[in-house]
file entry-v8.cif (mmCIF, C-alpha atoms; chains and numbers go by the auth columns)
data_input
#
loop_
_atom_site.group_PDB
_atom_site.id
_atom_site.type_symbol
_atom_site.label_atom_id
_atom_site.label_comp_id
_atom_site.label_asym_id
_atom_site.label_seq_id
_atom_site.Cartn_x
_atom_site.Cartn_y
_atom_site.Cartn_z
_atom_site.B_iso_or_equiv
_atom_site.auth_seq_id
_atom_site.auth_asym_id
ATOM 1 C CA MET A 1 21.084 -36.036 13.891 0.00 178 A
ATOM 2 C CA SER A 2 20.718 -33.368 16.456 0.00 179 A
ATOM 3 C CA LYS A 3 22.703 -30.186 16.635 0.00 180 A
ATOM 4 C CA LYS A 4 24.177 -29.152 19.930 0.00 181 A
ATOM 5 C CA SER A 5 23.943 -25.509 20.821 0.00 182 A
ATOM 6 C CA THR A 6 27.316 -24.127 21.833 0.00 183 A
ATOM 7 C CA GLY A 7 26.137 -20.670 22.797 0.00 184 A
ATOM 8 C CA GLU A 8 23.048 -18.737 23.572 0.00 185 A
ATOM 9 C CA GLU A 9 20.264 -18.845 21.048 0.00 186 A
ATOM 10 C CA GLU A 10 19.354 -15.482 19.657 0.00 187 A
ATOM 11 C CA TYR A 11 15.611 -15.042 19.808 0.00 188 A
ATOM 12 C CA VAL A 12 13.926 -11.794 18.906 0.00 189 A
ATOM 13 C CA ASN A 13 10.388 -11.500 20.217 0.00 190 A
ATOM 14 C CA ILE A 14 8.453 -9.385 17.720 0.00 191 A
ATOM 15 C CA THR A 15 5.194 -7.864 18.864 0.00 192 A
ATOM 16 C CA TYR A 16 2.589 -6.718 16.399 0.00 193 A
ATOM 17 C CA TYR A 17 1.015 -3.792 18.234 0.00 194 A
ATOM 18 C CA PHE A 18 1.936 -1.151 15.661 0.00 195 A
ATOM 19 C CA THR A 19 0.922 -3.454 12.824 0.00 196 A
ATOM 20 C CA VAL A 20 -2.597 -3.827 14.190 0.00 197 A
ATOM 21 C CA ILE A 21 -2.909 -0.115 14.937 0.00 198 A
ATOM 22 C CA PHE A 22 -1.645 0.989 11.509 0.00 199 A
ATOM 23 C CA THR A 23 -3.820 -1.591 9.732 0.00 200 A
ATOM 24 C CA ALA A 24 -6.920 -0.378 11.550 0.00 201 A
ATOM 25 C CA ILE A 25 -6.120 3.284 10.870 0.00 202 A
ATOM 26 C CA GLY A 26 -5.460 2.638 7.162 0.00 203 A
ATOM 27 C CA THR A 27 -8.652 0.636 6.774 0.00 204 A
ATOM 28 C CA VAL A 28 -10.783 3.256 8.493 0.00 205 A
ATOM 29 C CA LEU A 29 -9.280 6.132 6.492 0.00 206 A
ATOM 30 C CA VAL A 30 -9.811 4.484 3.127 0.00 207 A
ATOM 31 C CA PHE A 31 -13.257 3.281 4.173 0.00 208 A
ATOM 32 C CA TYR A 32 -14.194 6.843 5.139 0.00 209 A
ATOM 33 C CA PHE A 33 -13.023 8.257 1.807 0.00 210 A
ATOM 34 C CA LEU A 34 -14.784 5.535 -0.176 0.00 211 A
ATOM 35 C CA TYR A 35 -17.972 5.966 1.803 0.00 212 A
ATOM 36 C CA GLN A 36 -17.943 9.693 1.075 0.00 213 A
ATOM 37 C CA LYS A 37 -17.696 8.991 -2.663 0.00 214 A
ATOM 38 C CA VAL A 38 -20.084 6.041 -2.939 0.00 215 A
ATOM 39 C CA GLY A 39 -22.587 6.790 -0.171 0.00 216 A
ATOM 40 C CA ARG A 40 -23.418 3.187 0.715 0.00 217 A
ATOM 41 C CA VAL A 41 -21.712 0.281 2.444 0.00 218 A
ATOM 42 C CA ASP A 42 -21.347 -3.081 0.762 0.00 219 A
ATOM 43 C CA LEU A 43 -18.896 -5.965 0.772 0.00 220 A
ATOM 44 C CA PHE A 44 -16.854 -4.525 -2.097 0.00 221 A
ATOM 45 C CA ILE A 45 -16.229 -1.255 -0.219 0.00 222 A
ATOM 46 C CA ILE A 46 -15.151 -3.147 2.907 0.00 223 A
ATOM 47 C CA LEU A 47 -12.780 -5.425 0.987 0.00 224 A
ATOM 48 C CA LEU A 48 -11.398 -2.539 -1.039 0.00 225 A
ATOM 49 C CA SER A 49 -10.739 -0.442 2.058 0.00 226 A
ATOM 50 C CA THR A 50 -8.940 -3.364 3.695 0.00 227 A
ATOM 51 C CA SER A 51 -6.789 -4.143 0.685 0.00 228 A
ATOM 52 C CA ALA A 52 -6.118 -0.541 -0.348 0.00 229 A
ATOM 53 C CA GLY A 53 -5.527 0.971 3.079 0.00 230 A
ATOM 54 C CA GLY A 54 -5.114 -1.673 5.726 0.00 231 A
ATOM 55 C CA ILE A 55 -2.551 -3.921 4.134 0.00 232 A
ATOM 56 C CA PRO A 56 -0.102 -1.294 2.763 0.00 233 A
ATOM 57 C CA ILE A 57 -0.203 0.835 5.902 0.00 234 A
ATOM 58 C CA GLY A 58 0.013 -2.343 8.001 0.00 235 A
ATOM 59 C CA PHE A 59 3.410 -3.032 6.412 0.00 236 A
ATOM 60 C CA ILE A 60 4.646 0.279 7.798 0.00 237 A
ATOM 61 C CA GLY A 61 3.486 -0.819 11.244 0.00 238 A
ATOM 62 C CA ALA A 62 5.205 -4.183 10.814 0.00 239 A
ATOM 63 C CA PHE A 63 8.464 -2.433 9.932 0.00 240 A
ATOM 64 C CA ILE A 64 8.173 -0.258 13.045 0.00 241 A
ATOM 65 C CA ASP A 65 7.467 -3.364 15.162 0.00 242 A
ATOM 66 C CA TYR A 66 10.535 -5.074 13.735 0.00 243 A
ATOM 67 C CA LYS A 67 12.803 -2.090 14.428 0.00 244 A
ATOM 68 C CA VAL A 68 11.490 -1.697 17.995 0.00 245 A
ATOM 69 C CA SER A 69 11.953 -5.405 18.718 0.00 246 A
ATOM 70 C CA ALA A 70 15.454 -5.415 17.219 0.00 247 A
ATOM 71 C CA TYR A 71 16.379 -2.379 19.330 0.00 248 A
ATOM 72 C CA LYS A 72 15.074 -4.074 22.494 0.00 249 A
ATOM 73 C CA PHE A 73 17.012 -7.249 21.664 0.00 250 A
ATOM 74 C CA GLU A 74 20.196 -5.285 20.957 0.00 251 A
ATOM 75 C CA LYS A 75 19.820 -3.324 24.176 0.00 252 A
ATOM 76 C CA ARG A 76 19.183 -6.511 26.171 0.00 253 A
ATOM 77 C CA SER A 77 22.178 -8.348 24.687 0.00 254 A
ATOM 78 C CA TYR A 78 24.400 -5.297 25.211 0.00 255 A
ATOM 79 C CA GLU A 79 23.519 -5.128 28.915 0.00 256 A
ATOM 80 C CA GLN A 80 24.460 -8.784 29.481 0.00 257 A
#
call {"tool": "encode", "arguments": {"input": "entry-v8.cif", "output": "structure tokens"}}
result
Amino acid sequence: MSKKSTGEEEYVNITYYFTVIFTAIGTVLVFYFLYQKVGRVDLFIILLSTSAGGIPIGFIGAFIDYKVSAYKFEKRSYEQ
């Protein structure tokens, strides 16, 4: 069975610019601090900096991306 659409479909286009930027910044910051403490680069330091800095700070960027996209969608639907 197919559903017929009676109105406009609501589609929010979410971009991930802030997510990528915040993930990169978080990874680099934690990597810098770990490198200062350990003094060498290995796979463990890279993985730890990604998981400890990149992922949590990336969630903040994803939240900002969501709010910006929702605001753009609301503004666009309000103008129509």
call {"tool": "residues_around", "arguments": {"input": "entry-v8.cif", "residues": "Thr204 in chain A", "least_positions_apart": "2", "cutoff": "9 Å", "atoms": "all atoms listed in the file", "output": "PyMOL selection string"}}
result
chain A and resi 199-202+206-209+223+225-232+234
call {"tool": "residues_around", "arguments": {"input": "entry-v8.cif", "residues": "range 190-196 of chain A", "least_positions_apart": "5", "cutoff": "12 Å", "atoms": "all atoms listed in the file", "output": "PDB file with C-alpha atoms, in the frame of the given file"}}
result
ATOM      1  CA  ALA A 201      -6.920  -0.378  11.550  1.00  0.00           C
ATOM      2  CA  ILE A 202      -6.120   3.284  10.870  1.00  0.00           C
ATOM      3  CA  GLY A 203      -5.460   2.638   7.162  1.00  0.00           C
ATOM      4  CA  GLY A 231      -5.114  -1.673   5.726  1.00  0.00           C
ATOM      5  CA  ILE A 232      -2.551  -3.921   4.134  1.00  0.00           C
ATOM      6  CA  PRO A 233      -0.102  -1.294   2.763  1.00  0.00           C
ATOM      7  CA  ILE A 234      -0.203   0.835   5.902  1.00  0.00           C
ATOM      8  CA  GLY A 235       0.013  -2.343   8.001  1.00  0.00           C
ATOM      9  CA  PHE A 236       3.410  -3.032   6.412  1.00  0.00           C
ATOM     10  CA  ILE A 237       4.646   0.279   7.798  1.00  0.00           C
ATOM     11  CA  GLY A 238       3.486  -0.819  11.244  1.00  0.00           C
ATOM     12  CA  ALA A 239       5.205  -4.183  10.814  1.00  0.00           C
ATOM     13  CA  PHE A 240       8.464  -2.433   9.932  1.00  0.00           C
ATOM     14  CA  ILE A 241       8.173  -0.258  13.045  1.00  0.00           C
ATOM     15  CA  ASP A 242       7.467  -3.364  15.162  1.00  0.00           C
ATOM     16  CA  TYR A 243      10.535  -5.074  13.735  1.00  0.00           C
ATOM     17  CA  LYS A 244      12.803  -2.090  14.428  1.00  0.00           C
ATOM     18  CA  VAL A 245      11.490  -1.697  17.995  1.00  0.00           C
ATOM     19  CA  SER A 246      11.953  -5.405  18.718  1.00  0.00           C
ATOM     20  CA  ALA A 247      15.454  -5.415  17.219  1.00  0.00           C
ATOM     21  CA  TYR A 248      16.379  -2.379  19.330  1.00  0.00           C
ATOM     22  CA  LYS A 249      15.074  -4.074  22.494  1.00  0.00           C
ATOM     23  CA  PHE A 250      17.012  -7.249  21.664  1.00  0.00           C
ATOM     24  CA  GLU A 251      20.196  -5.285  20.957  1.00  0.00           C
ATOM     25  CA  ARG A 253      19.183  -6.511  26.171  1.00  0.00           C
TER      26      ARG A 253
END
call {"tool": "atom_distance", "arguments": {"input": "entry-v8.cif", "atom1": "CA of Phe221 in chain A", "atom2": "CA of Val205 in chain A"}}
result
14.5 Å
